[in-house]
$ cat run.cif   # mmCIF, C-alpha atoms and all ligand atoms
data_start
#
loop_
_atom_site.group_PDB
_atom_site.id
_atom_site.type_symbol
_atom_site.label_atom_id
_atom_site.label_comp_id
_atom_site.auth_asym_id
_atom_site.auth_seq_id
_atom_site.Cartn_x
_atom_site.Cartn_y
_atom_site.Cartn_z
ATOM 1 C CA MET Y 501 131.526 24.774 241.838
ATOM 2 C CA GLU Y 502 135.169 24.924 240.877
ATOM 3 C CA ARG Y 503 135.605 27.642 238.309
ATOM 4 C CA GLY Y 504 137.319 26.630 235.100
ATOM 5 C CA ILE Y 505 135.602 23.303 234.631
ATOM 6 C CA LYS Y 506 133.026 22.868 231.891
ATOM 7 C CA THR Y 507 129.890 21.815 233.698
ATOM 8 C CA MET Y 508 127.582 21.675 230.693
ATOM 9 C CA THR Y 509 127.407 20.603 227.074
ATOM 10 C CA LEU Y 510 126.999 23.151 224.287
ATOM 11 C CA LEU Y 511 123.293 22.303 224.006
ATOM 12 C CA GLU Y 512 122.869 22.869 227.740
ATOM 13 C CA ALA Y 513 124.768 26.144 227.401
ATOM 14 C CA ILE Y 514 122.323 27.230 224.662
ATOM 15 C CA ASP Y 515 119.422 26.495 227.022
ATOM 16 C CA ALA Y 516 121.014 28.177 230.026
ATOM 17 C CA ARG Y 517 122.164 31.361 228.255
ATOM 18 C CA HIS Y 518 120.168 34.578 228.663
ATOM 19 C CA SER Y 519 121.450 38.122 228.387
ATOM 20 C CA VAL Y 520 122.765 39.333 231.746
ATOM 21 C CA ARG Y 521 123.492 43.037 232.223
ATOM 22 C CA ALA Y 522 124.327 43.300 235.966
ATOM 23 C CA TYR Y 523 127.455 41.617 237.310
ATOM 24 C CA LYS Y 524 129.129 40.707 240.611
ATOM 25 C CA SER Y 525 132.616 42.032 241.339
ATOM 26 C CA THR Y 526 134.073 38.494 241.386
ATOM 27 C CA PRO Y 527 137.183 38.515 239.164
ATOM 28 C CA ILE Y 528 137.520 35.868 236.465
ATOM 29 C CA PRO Y 529 140.201 33.375 237.659
ATOM 30 C CA GLU Y 530 143.406 32.875 235.663
ATOM 31 C CA LYS Y 531 142.461 29.315 234.761
ATOM 32 C CA VAL Y 532 139.220 30.497 233.146
ATOM 33 C CA ARG Y 533 140.963 33.399 231.395
ATOM 34 C CA SER Y 534 143.501 31.096 229.821
ATOM 35 C CA GLN Y 535 140.780 28.790 228.464
ATOM 36 C CA LEU Y 536 138.838 31.715 227.029
ATOM 37 C CA ASP Y 537 141.959 33.287 225.545
ATOM 38 C CA ALA Y 538 143.165 30.029 223.964
ATOM 39 C CA PHE Y 539 139.748 29.420 222.396
ATOM 40 C CA THR Y 540 139.573 33.034 221.185
ATOM 41 C CA ALA Y 541 142.967 32.585 219.512
ATOM 42 C CA ASP Y 542 141.600 29.507 217.679
ATOM 43 C CA CYS Y 543 138.526 31.484 216.587
ATOM 44 C CA ASN Y 544 140.717 34.325 215.310
ATOM 45 C CA LYS Y 545 142.787 31.895 213.278
ATOM 46 C CA GLU Y 546 139.809 30.108 211.771
ATOM 47 C CA GLY Y 547 137.696 33.224 211.258
ATOM 48 C CA ASP Y 548 140.501 35.619 210.269
ATOM 49 C CA LEU Y 549 139.495 38.001 213.061
ATOM 50 C CA ASN Y 550 141.194 39.932 215.832
ATOM 51 C CA ILE Y 551 138.881 39.277 218.793
ATOM 52 C CA SER Y 552 140.320 40.035 222.242
ATOM 53 C CA ILE Y 553 139.059 39.862 225.799
ATOM 54 C CA ARG Y 554 139.566 42.772 228.190
ATOM 55 C CA TYR Y 555 139.669 41.753 231.833
ATOM 56 C CA ASP Y 556 139.339 44.046 234.876
ATOM 57 C CA ASP Y 557 138.637 47.038 232.646
ATOM 58 C CA PRO Y 558 135.419 48.827 233.642
ATOM 59 C CA ALA Y 559 136.049 51.657 231.141
ATOM 60 C CA GLY Y 560 134.372 49.810 228.267
ATOM 61 C CA PHE Y 561 130.947 50.018 229.882
ATOM 62 C CA ASP Y 562 131.524 53.168 231.878
ATOM 63 C CA SER Y 563 129.197 55.588 230.126
ATOM 64 C CA ARG Y 564 125.777 57.106 230.510
ATOM 65 C CA LEU Y 565 124.578 55.069 227.547
ATOM 66 C CA ALA Y 566 125.670 51.815 229.217
ATOM 67 C CA HIS Y 567 123.827 52.710 232.421
ATOM 68 C CA TYR Y 568 120.816 53.799 230.431
ATOM 69 C CA GLY Y 569 120.984 50.381 228.737
ATOM 70 C CA SER Y 570 120.831 48.923 232.298
ATOM 71 C CA PHE Y 571 124.399 47.574 232.313
ATOM 72 C CA ARG Y 572 125.885 47.465 235.829
ATOM 73 C CA ASN Y 573 129.363 46.618 237.021
ATOM 74 C CA VAL Y 574 130.699 45.263 233.716
ATOM 75 C CA GLU Y 575 134.409 44.712 234.359
ATOM 76 C CA ASN Y 576 135.231 42.337 231.502
ATOM 77 C CA TYR Y 577 134.208 42.334 227.866
ATOM 78 C CA ILE Y 578 134.940 40.734 224.533
ATOM 79 C CA VAL Y 579 136.015 43.095 221.736
ATOM 80 C CA LEU Y 580 134.924 41.894 218.287
ATOM 81 C CA ALA Y 581 137.284 43.391 215.737
ATOM 82 C CA GLY Y 582 139.185 42.645 212.559
ATOM 83 C CA LYS Y 583 139.538 43.636 208.921
ATOM 84 C CA LYS Y 584 136.199 44.605 207.450
ATOM 85 C CA ASP Y 585 134.869 42.895 204.335
ATOM 86 C CA GLU Y 586 131.525 41.537 203.101
ATOM 87 C CA SER Y 587 131.442 38.718 205.660
ATOM 88 C CA PHE Y 588 132.952 40.630 208.616
ATOM 89 C CA ASP Y 589 129.707 41.131 210.586
ATOM 90 C CA PHE Y 590 128.641 37.530 209.992
ATOM 91 C CA ARG Y 591 132.004 36.180 211.181
ATOM 92 C CA CYS Y 592 131.932 38.398 214.292
ATOM 93 C CA GLY Y 593 128.485 36.992 215.095
ATOM 94 C CA TYR Y 594 129.471 33.384 214.435
ATOM 95 C CA TYR Y 595 132.744 33.353 216.381
ATOM 96 C CA GLY Y 596 131.545 35.773 219.062
ATOM 97 C CA GLU Y 597 128.713 33.394 219.899
ATOM 98 C CA LYS Y 598 131.117 30.430 220.058
ATOM 99 C CA ILE Y 599 133.023 32.337 222.752
ATOM 100 C CA VAL Y 600 129.736 33.260 224.497
ATOM 101 C CA LEU Y 601 128.777 29.580 224.716
ATOM 102 C CA LEU Y 602 132.192 28.556 226.055
ATOM 103 C CA ALA Y 603 131.861 31.344 228.664
ATOM 104 C CA GLN Y 604 128.451 29.939 229.645
ATOM 105 C CA GLN Y 605 129.962 26.459 229.933
ATOM 106 C CA LEU Y 606 132.588 27.896 232.279
ATOM 107 C CA GLY Y 607 129.942 29.391 234.566
ATOM 108 C CA LEU Y 608 130.051 32.947 233.211
ATOM 109 C CA ASN Y 609 127.309 35.184 231.819
ATOM 110 C CA THR Y 610 127.286 37.527 228.835
ATOM 111 C CA CYS Y 611 125.353 40.160 226.914
ATOM 112 C CA TRP Y 612 125.982 41.355 223.368
ATOM 113 C CA ALA Y 613 126.127 45.155 223.037
ATOM 114 C CA ALA Y 614 125.985 47.019 219.746
ATOM 115 C CA LEU Y 615 125.085 50.398 221.206
ATOM 116 C CA THR Y 616 125.068 50.607 224.973
ATOM 117 C CA PHE Y 617 128.787 50.709 225.757
ATOM 118 C CA ASN Y 618 131.593 53.284 225.737
ATOM 119 C CA LYS Y 619 132.596 53.153 222.091
ATOM 120 C CA LYS Y 620 135.274 55.837 222.440
ATOM 121 C CA LYS Y 621 137.134 53.899 225.155
ATOM 122 C CA VAL Y 622 136.805 50.560 223.394
ATOM 123 C CA LYS Y 623 138.093 52.006 220.118
ATOM 124 C CA GLU Y 624 141.322 52.892 221.923
ATOM 125 C CA VAL Y 625 142.106 49.188 222.360
ATOM 126 C CA VAL Y 626 141.357 48.227 218.743
ATOM 127 C CA ALA Y 627 144.505 47.722 216.650
ATOM 128 C CA PRO Y 628 145.208 50.330 213.969
ATOM 129 C CA GLY Y 629 143.634 49.278 210.660
ATOM 130 C CA ASP Y 630 141.058 47.055 212.369
ATOM 131 C CA THR Y 631 137.335 47.785 212.523
ATOM 132 C CA LEU Y 632 135.333 47.482 215.754
ATOM 133 C CA CYS Y 633 132.157 45.479 215.220
ATOM 134 C CA MET Y 634 130.719 45.524 218.756
ATOM 135 C CA VAL Y 635 131.404 44.124 222.234
ATOM 136 C CA ILE Y 636 130.039 41.449 224.575
ATOM 137 C CA ALA Y 637 129.838 42.025 228.348
ATOM 138 C CA LEU Y 638 131.326 39.141 230.351
ATOM 139 C CA GLY Y 639 131.378 38.159 234.016
ATOM 140 C CA TYR Y 640 129.595 36.437 236.889
ATOM 141 C CA GLY Y 641 126.026 37.682 236.695
ATOM 142 C CA GLU Y 642 123.965 38.960 239.592
ATOM 143 C CA THR Y 643 121.350 36.576 238.142
ATOM 144 C CA GLN Y 644 121.264 34.030 235.322
ATOM 145 C CA GLY Y 645 118.915 36.243 233.264
ATOM 146 C CA ILE Y 646 115.374 35.457 232.200
ATOM 147 C CA SER Y 647 113.680 33.706 229.290
ATOM 148 C CA ARG Y 648 111.997 35.915 226.729
ATOM 149 C CA LYS Y 649 109.453 35.632 223.960
ATOM 150 C CA SER Y 650 110.481 33.787 220.832
ATOM 151 C CA LYS Y 651 109.147 33.241 217.353
ATOM 152 C CA LYS Y 652 107.994 29.710 216.587
ATOM 153 C CA THR Y 653 109.765 27.216 214.337
ATOM 154 C CA GLU Y 654 107.084 27.648 211.666
ATOM 155 C CA ASP Y 655 107.675 31.438 211.626
ATOM 156 C CA VAL Y 656 111.326 31.076 210.601
ATOM 157 C CA VAL Y 657 111.261 28.160 208.157
ATOM 158 C CA ALA Y 658 110.751 28.772 204.422
ATOM 159 C CA THR Y 659 110.129 25.207 203.311
ATOM 160 C CA LYS Y 660 106.738 23.911 204.340
ATOM 161 C CA GLY Y 661 105.978 20.263 205.029
ATOM 162 C CA ASN Y 662 107.960 17.697 206.965
ATOM 163 C CA MET Y 663 111.299 18.735 208.368
ATOM 164 C CA PRO Y 664 113.981 16.171 209.189
ATOM 165 C CA ASP Y 665 114.596 15.906 212.962
ATOM 166 C CA TRP Y 666 118.119 17.333 212.671
ATOM 167 C CA PHE Y 667 116.778 20.389 210.812
ATOM 168 C CA ARG Y 668 114.095 21.018 213.434
ATOM 169 C CA SER Y 669 116.669 20.677 216.241
ATOM 170 C CA GLY Y 670 118.903 23.192 214.451
ATOM 171 C CA VAL Y 671 116.084 25.723 214.106
ATOM 172 C CA GLU Y 672 115.048 25.223 217.742
ATOM 173 C CA ALA Y 673 118.625 25.979 218.852
ATOM 174 C CA ALA Y 674 118.663 29.056 216.568
ATOM 175 C CA LEU Y 675 115.468 30.375 218.174
ATOM 176 C CA LYS Y 676 117.281 30.391 221.533
ATOM 177 C CA ALA Y 677 120.068 32.583 220.114
ATOM 178 C CA PRO Y 678 120.437 36.227 221.085
ATOM 179 C CA THR Y 679 119.515 38.727 218.370
ATOM 180 C CA ALA Y 680 119.553 42.539 218.458
ATOM 181 C CA MET Y 681 116.386 43.720 220.229
ATOM 182 C CA ASN Y 682 115.217 40.109 220.042
ATOM 183 C CA GLN Y 683 114.236 40.777 216.437
ATOM 184 C CA GLN Y 684 114.831 37.207 215.132
ATOM 185 C CA LYS Y 685 114.833 38.377 211.500
ATOM 186 C CA PHE Y 686 116.074 35.223 209.809
ATOM 187 C CA VAL Y 687 114.677 32.360 207.783
ATOM 188 C CA PHE Y 688 115.941 28.793 207.378
ATOM 189 C CA GLY Y 689 115.478 26.609 204.323
ATOM 190 C CA MET Y 690 117.175 24.096 202.059
ATOM 191 C CA LYS Y 691 119.372 25.003 199.080
ATOM 192 C CA ASN Y 692 120.648 22.264 196.777
ATOM 193 C CA GLY Y 693 119.900 19.698 199.481
ATOM 194 C CA GLN Y 694 121.847 21.606 202.150
ATOM 195 C CA PRO Y 695 120.567 23.796 205.004
ATOM 196 C CA ALA Y 696 120.780 27.540 204.420
ATOM 197 C CA VAL Y 697 119.861 30.683 206.338
ATOM 198 C CA ARG Y 698 119.362 34.281 205.310
ATOM 199 C CA VAL Y 699 118.160 37.576 206.761
ATOM 200 C CA LYS Y 700 114.439 38.242 206.436
ATOM 201 C CA GLY Y 701 113.309 41.825 206.837
ATOM 202 C CA MET Y 702 115.088 44.984 207.884
ATOM 203 C CA GLY Y 703 116.644 45.862 211.214
ATOM 204 C CA PRO Y 704 119.886 46.730 213.001
ATOM 205 C CA CYS Y 705 122.776 44.223 213.125
ATOM 206 C CA THR Y 706 120.969 41.559 211.073
ATOM 207 C CA ARG Y 707 124.265 40.272 209.623
ATOM 208 C CA VAL Y 708 125.754 39.804 213.097
ATOM 209 C CA ASP Y 709 122.518 38.079 214.159
ATOM 210 C CA LEU Y 710 122.850 35.796 211.127
ATOM 211 C CA GLY Y 711 126.276 34.620 212.285
ATOM 212 C CA ILE Y 712 124.955 34.004 215.802
ATOM 213 C CA VAL Y 713 121.979 31.938 214.639
ATOM 214 C CA ALA Y 714 124.154 29.976 212.173
ATOM 215 C CA CYS Y 715 126.391 29.010 215.117
ATOM 216 C CA HIS Y 716 123.385 27.798 217.129
ATOM 217 C CA PHE Y 717 121.895 25.920 214.155
ATOM 218 C CA GLU Y 718 125.140 24.003 213.604
ATOM 219 C CA ILE Y 719 125.285 22.979 217.267
ATOM 220 C CA GLY Y 720 121.609 21.972 217.328
ATOM 221 C CA SER Y 721 121.647 20.066 214.040
ATOM 222 C CA GLY Y 722 125.187 18.740 213.860
ATOM 223 C CA ARG Y 723 125.371 20.030 210.247
ATOM 224 C CA GLU Y 724 127.166 22.909 208.609
ATOM 225 C CA ILE Y 725 124.943 25.640 207.247
ATOM 226 C CA GLU Y 726 125.364 28.008 204.339
ATOM 227 C CA ALA Y 727 124.633 31.662 205.034
ATOM 228 C CA ILE Y 728 123.156 33.478 202.069
ATOM 229 C CA MET Y 729 124.190 37.095 202.235
ATOM 230 C CA GLU Y 730 122.295 39.372 199.917
ATOM 231 C CA LYS Y 731 123.893 42.717 199.146
HETATM 232 C C1 LIG N 1 123.866 41.852 217.726
HETATM 233 C C2 LIG N 1 123.277 42.168 219.066
HETATM 234 C C3 LIG N 1 123.337 43.458 219.583
HETATM 235 C C4 LIG N 1 122.784 43.732 220.840
HETATM 236 N N1 LIG N 1 122.924 45.008 221.357
HETATM 237 C C5 LIG N 1 122.471 45.283 222.614
HETATM 238 C C6 LIG N 1 122.676 46.583 223.189
HETATM 239 O O1 LIG N 1 123.254 47.477 222.583
HETATM 240 N N2 LIG N 1 122.214 46.781 224.458
HETATM 241 C C7 LIG N 1 121.575 45.810 225.171
HETATM 242 O O2 LIG N 1 121.195 46.070 226.319
HETATM 243 N N3 LIG N 1 121.360 44.575 224.644
HETATM 244 C C8 LIG N 1 121.793 44.277 223.390
HETATM 245 N N4 LIG N 1 121.642 43.009 222.857
HETATM 246 C C9 LIG N 1 120.980 41.950 223.639
HETATM 247 C C10 LIG N 1 119.581 41.624 223.101
HETATM 248 O O3 LIG N 1 118.667 42.626 223.495
HETATM 249 C C11 LIG N 1 119.137 40.231 223.582
HETATM 250 O O4 LIG N 1 120.035 39.271 223.104
HETATM 251 C C12 LIG N 1 117.734 39.882 223.111
HETATM 252 O O5 LIG N 1 116.777 40.725 223.718
HETATM 253 C C13 LIG N 1 117.360 38.423 223.402
HETATM 254 O O6 LIG N 1 117.453 38.118 224.769
HETATM 255 P P1 LIG N 1 118.404 36.938 225.278
HETATM 256 O O7 LIG N 1 119.806 37.270 224.872
HETATM 257 O O8 LIG N 1 118.228 36.924 226.772
HETATM 258 O O9 LIG N 1 117.956 35.663 224.632
HETATM 259 C C14 LIG N 1 122.150 42.711 221.591
HETATM 260 C C15 LIG N 1 122.095 41.415 221.051
HETATM 261 C C16 LIG N 1 122.664 41.137 219.826
HETATM 262 C C17 LIG N 1 122.643 39.734 219.319
#
$ encode --input "run.cif" --output "structure tokens"
Amino acid sequence: MERGIKTMTLLEAIDARHSVRAYKSTPIPEKVRSQLDAFTADCNKEGDLNISIRYDDPAGFDSRLAHYGSFRNVENYIVLAGKKDESFDFRCGYYGEKIVLLAQQLGLNTCWAALTFNKKKVKEVVAPGDTLCMVIALGYGETQGISRKSKKTEDVVATKGNMPDWFRSGVEAALKAPTAMNQQKFVFGMKNGQPAVRVKGMGPCTRVDLGIVACHFEIGSGREIEAIMEK
């Protein structure tokens, strides 16, 4: 396969994506880097963020914690950063996942990491005044990852009864999204005739998860979704 050509649609990328923690040493070609960087710049503009991609930099995952978290040979990673406000974590999740899905389309693999990376080293590359949210490992995986358990549509939908097809497709795409420790602590419903999603329950990184699942829902349903963020 020639690297740098999108071989799948976004829906196919959602199906194909699984967390991958062990990578080959194959460098990411220039052509692929420029596509990822251009898309990241668009995301930063739209989302008012300062996301950057570090290539050929093993320091970000060079720590005991990263090895303990079973990360191997991570040489590239996405740094999610920007000015912190109420919606910062949500926006990092939403735009970070957009980049994850483009990476998947370009033949790469990824894994979100809130804890198991070298925070000290990564903080050194974050611009002064910006906050580091977390990182995403990036590269050509040793494998394509494996499917995992998931909640069912009925478990994450507040409104009972018949769901329109587009709503069901959105929720199905959201159930394939990565969440911290696979917690899937979210619930979808309708608010004033429009789809909405909010966190349900307690857990780590639920706001970032919310952004990630909102991204998947929009791709699956073809509709924009409102995220309800309780304080
Ligand atoms: C916000 C967030 C933080 C995560 N943090 C870590 C982490 O620190 N270490 C790790 O090994 N995996 C981490 N993951 C990966 C999840 O464990 C993984 O996405 C989840 O188990 C679902 O599996 P899947 O991505 O293959 O669908 C994180 C995922 C998300 C979305």
$ closest_residue --input "run.cif" --among "Y:Thr610, Y:Gln605, Y:Asn682, Y:Gln644" --to "ligand LIG 1 (chain N)" --atoms "all atoms listed in the file"
Y:Asn682
$ resolve_selection --input "run.cif" --expression "the PyMOL selection byres (((chain Y and resi 591) around 9) and not hetatm)" --output "compact mmCIF listing (two decimals) with C-alpha atoms, in the coordinates of the input"
# COMPACT_ATOMS: atom_id res chain seq x y z
CA GLY Y 547 137.70 33.22 211.26
CA ASP Y 548 140.50 35.62 210.27
CA LEU Y 549 139.50 38.00 213.06
CA SER Y 587 131.44 38.72 205.66
CA PHE Y 588 132.95 40.63 208.62
CA ASP Y 589 129.71 41.13 210.59
CA PHE Y 590 128.64 37.53 209.99
CA CYS Y 592 131.93 38.40 214.29
CA GLY Y 593 128.49 36.99 215.10
CA TYR Y 594 129.47 33.38 214.44
CA TYR Y 595 132.74 33.35 216.38
CA GLY Y 596 131.54 35.77 219.06
CA ARG Y 707 124.26 40.27 209.62
CA VAL Y 708 125.75 39.80 213.10
CA GLY Y 711 126.28 34.62 212.28
CA ILE Y 712 124.96 34.00 215.80
$ closest_residue --input "run.cif" --among "Y:Leu615, Y:Tyr640, Y:Glu724, Y:Ile505" --to "Pro704 of chain Y" --atoms "only C-alpha atoms"
Y:Leu615
$ residues_near_ligand --input "run.cif" --ligand "ligand LIG 1 (chain N)" --cutoff "10 Å" --atoms "all atoms listed in the file" --output "number ranges by chain"
Y: 514-521, 565-571, 589, 592-593, 596-597, 610-617, 633-637, 644-650, 675-684, 704-713
$ closest_residue --input "run.cif" --among "Y:Ile725, Y:Ile719, Y:Ala674, Y:Ala658" --to "Lys700 of chain Y" --atoms "all atoms listed in the file"
Y:Ala658
$ resolve_selection --input "run.cif" --expression "the PyMOL selection byres (((chain Y and resi 535-541) around 10) and not hetatm)" --output "MDAnalysis selection string"
chainID Y and resid 504:505 530:534 542:547 549:553 578 595:596 598:600 602:603 606
$ write_last_selection --input "run.cif" --atoms "C-alpha atoms" --output "compact mmCIF listing (two decimals), in the coordinates of the input"
# COMPACT_ATOMS: atom_id res chain seq x y z
CA GLY Y 504 137.32 26.63 235.10
CA ILE Y 505 135.60 23.30 234.63
CA GLU Y 530 143.41 32.88 235.66
CA LYS Y 531 142.46 29.32 234.76
CA VAL Y 532 139.22 30.50 233.15
CA ARG Y 533 140.96 33.40 231.40
CA SER Y 534 143.50 31.10 229.82
CA ASP Y 542 141.60 29.51 217.68
CA CYS Y 543 138.53 31.48 216.59
CA ASN Y 544 140.72 34.33 215.31
CA LYS Y 545 142.79 31.90 213.28
CA GLU Y 546 139.81 30.11 211.77
CA GLY Y 547 137.70 33.22 211.26
CA LEU Y 549 139.50 38.00 213.06
CA ASN Y 550 141.19 39.93 215.83
CA ILE Y 551 138.88 39.28 218.79
CA SER Y 552 140.32 40.03 222.24
CA ILE Y 553 139.06 39.86 225.80
CA ILE Y 578 134.94 40.73 224.53
CA TYR Y 595 132.74 33.35 216.38
CA GLY Y 596 131.54 35.77 219.06
CA LYS Y 598 131.12 30.43 220.06
CA ILE Y 599 133.02 32.34 222.75
CA VAL Y 600 129.74 33.26 224.50
CA LEU Y 602 132.19 28.56 226.06
CA ALA Y 603 131.86 31.34 228.66
CA LEU Y 606 132.59 27.90 232.28
$ atom_distance --input "run.cif" --atom1 "atom CA of Lys685 of chain Y" --atom2 "atom CA of Val657 of chain Y"
11.3 Å
$ atom_distance --input "run.cif" --atom1 "atom CA of Lys652 of chain Y" --atom2 "atom CA of Gly703 of chain Y"
19.1 Å
$ resolve_selection --input "run.cif" --expression "the PyMOL selection byres (((chain Y and resi 627) around 12) and not hetatm)" --output "PDB file with C-alpha atoms, keeping the file's coordinate frame"
ATOM      1  CA  LEU Y 549     139.495  38.001 213.061  1.00  0.00           C
ATOM      2  CA  ASN Y 550     141.194  39.932 215.832  1.00  0.00           C
ATOM      3  CA  ILE Y 551     138.881  39.277 218.793  1.00  0.00           C
ATOM      4  CA  SER Y 552     140.320  40.035 222.242  1.00  0.00           C
ATOM      5  CA  VAL Y 579     136.015  43.095 221.736  1.00  0.00           C
ATOM      6  CA  LEU Y 580     134.924  41.894 218.287  1.00  0.00           C
ATOM      7  CA  ALA Y 581     137.284  43.391 215.737  1.00  0.00           C
ATOM      8  CA  GLY Y 582     139.185  42.645 212.559  1.00  0.00           C
ATOM      9  CA  LYS Y 583     139.538  43.636 208.921  1.00  0.00           C
ATOM     10  CA  VAL Y 622     136.805  50.560 223.394  1.00  0.00           C
ATOM     11  CA  LYS Y 623     138.093  52.006 220.118  1.00  0.00           C
ATOM     12  CA  GLU Y 624     141.322  52.892 221.923  1.00  0.00           C
ATOM     13  CA  VAL Y 625     142.106  49.188 222.360  1.00  0.00           C
ATOM     14  CA  VAL Y 626     141.357  48.227 218.743  1.00  0.00           C
ATOM     15  CA  PRO Y 628     145.208  50.330 213.969  1.00  0.00           C
ATOM     16  CA  GLY Y 629     143.634  49.278 210.660  1.00  0.00           C
ATOM     17  CA  ASP Y 630     141.058  47.055 212.369  1.00  0.00           C
ATOM     18  CA  THR Y 631     137.335  47.785 212.523  1.00  0.00           C
ATOM     19  CA  LEU Y 632     135.333  47.482 215.754  1.00  0.00           C
TER      20      LEU Y 632
END
$ closest_residue --input "run.cif" --among "Y:Ser525, Y:Asn609, Y:Ser563, Y:Thr653" --to "Ala673 of chain Y" --atoms "only C-alpha atoms"
Y:Thr653
$ decode --input "run.cif" --residues "segment 693-714 of chain Y" --atoms "N, CA and C atoms" --output "short mmCIF file (atom, residue, chain, number, x, y, z; two decimals), in the first residue's frame"
data_model
loop_
_atom_site.label_atom_id
_atom_site.label_comp_id
_atom_site.auth_asym_id
_atom_site.auth_seq_id
_atom_site.Cartn_x
_atom_site.Cartn_y
_atom_site.Cartn_z
N GLY Y 693 -35.46 18.62 20.57
CA GLY Y 693 -35.49 18.07 19.21
C GLY Y 693 -34.13 17.82 18.60
N GLN Y 694 -33.06 18.06 19.35
CA GLN Y 694 -31.70 17.88 18.82
C GLN Y 694 -30.96 16.83 19.65
N PRO Y 695 -30.03 16.07 19.02
CA PRO Y 695 -29.28 15.10 19.81
C PRO Y 695 -28.35 15.77 20.82
N ALA Y 696 -28.20 15.13 21.97
CA ALA Y 696 -27.34 15.68 23.02
C ALA Y 696 -26.66 14.52 23.74
N VAL Y 697 -25.51 14.80 24.32
CA VAL Y 697 -24.76 13.78 25.06
C VAL Y 697 -24.20 14.41 26.33
N ARG Y 698 -24.18 13.62 27.40
CA ARG Y 698 -23.55 14.09 28.62
C ARG Y 698 -22.86 12.93 29.33
N VAL Y 699 -22.01 13.31 30.31
CA VAL Y 699 -21.32 12.28 31.10
C VAL Y 699 -22.33 11.63 32.04
N LYS Y 700 -22.20 10.32 32.23
CA LYS Y 700 -23.04 9.63 33.21
C LYS Y 700 -22.12 8.84 34.14
N GLY Y 701 -22.10 9.24 35.39
CA GLY Y 701 -21.26 8.55 36.36
C GLY Y 701 -19.95 9.28 36.59
N MET Y 702 -19.12 8.67 37.41
CA MET Y 702 -17.84 9.29 37.78
C MET Y 702 -16.70 8.45 37.20
N GLY Y 703 -15.61 9.11 36.89
CA GLY Y 703 -14.44 8.36 36.41
C GLY Y 703 -13.40 9.34 35.91
N PRO Y 704 -12.20 8.85 35.58
CA PRO Y 704 -11.15 9.73 35.07
C PRO Y 704 -11.43 10.16 33.63
N CYS Y 705 -11.05 11.37 33.28
CA CYS Y 705 -11.07 11.84 31.88
C CYS Y 705 -12.44 11.77 31.21
N THR Y 706 -13.52 11.89 31.97
CA THR Y 706 -14.84 11.73 31.33
C THR Y 706 -15.14 12.87 30.35
N ARG Y 707 -14.60 14.05 30.61
CA ARG Y 707 -14.82 15.18 29.68
C ARG Y 707 -14.10 14.97 28.35
N VAL Y 708 -12.89 14.40 28.41
CA VAL Y 708 -12.15 14.10 27.18
C VAL Y 708 -12.92 13.01 26.42
N ASP Y 709 -13.35 11.99 27.16
CA ASP Y 709 -14.16 10.91 26.55
C ASP Y 709 -15.38 11.50 25.84
N LEU Y 710 -16.01 12.49 26.49
CA LEU Y 710 -17.23 13.08 25.92
C LEU Y 710 -16.95 13.70 24.54
N GLY Y 711 -15.82 14.38 24.44
CA GLY Y 711 -15.44 14.96 23.15
C GLY Y 711 -15.20 13.88 22.10
N ILE Y 712 -14.57 12.79 22.52
CA ILE Y 712 -14.27 11.69 21.59
C ILE Y 712 -15.58 11.06 21.09
N VAL Y 713 -16.50 10.79 22.00
CA VAL Y 713 -17.74 10.12 21.57
C VAL Y 713 -18.62 11.07 20.75
N ALA Y 714 -18.56 12.38 21.05
CA ALA Y 714 -19.32 13.35 20.25
C ALA Y 714 -18.81 13.33 18.80
#
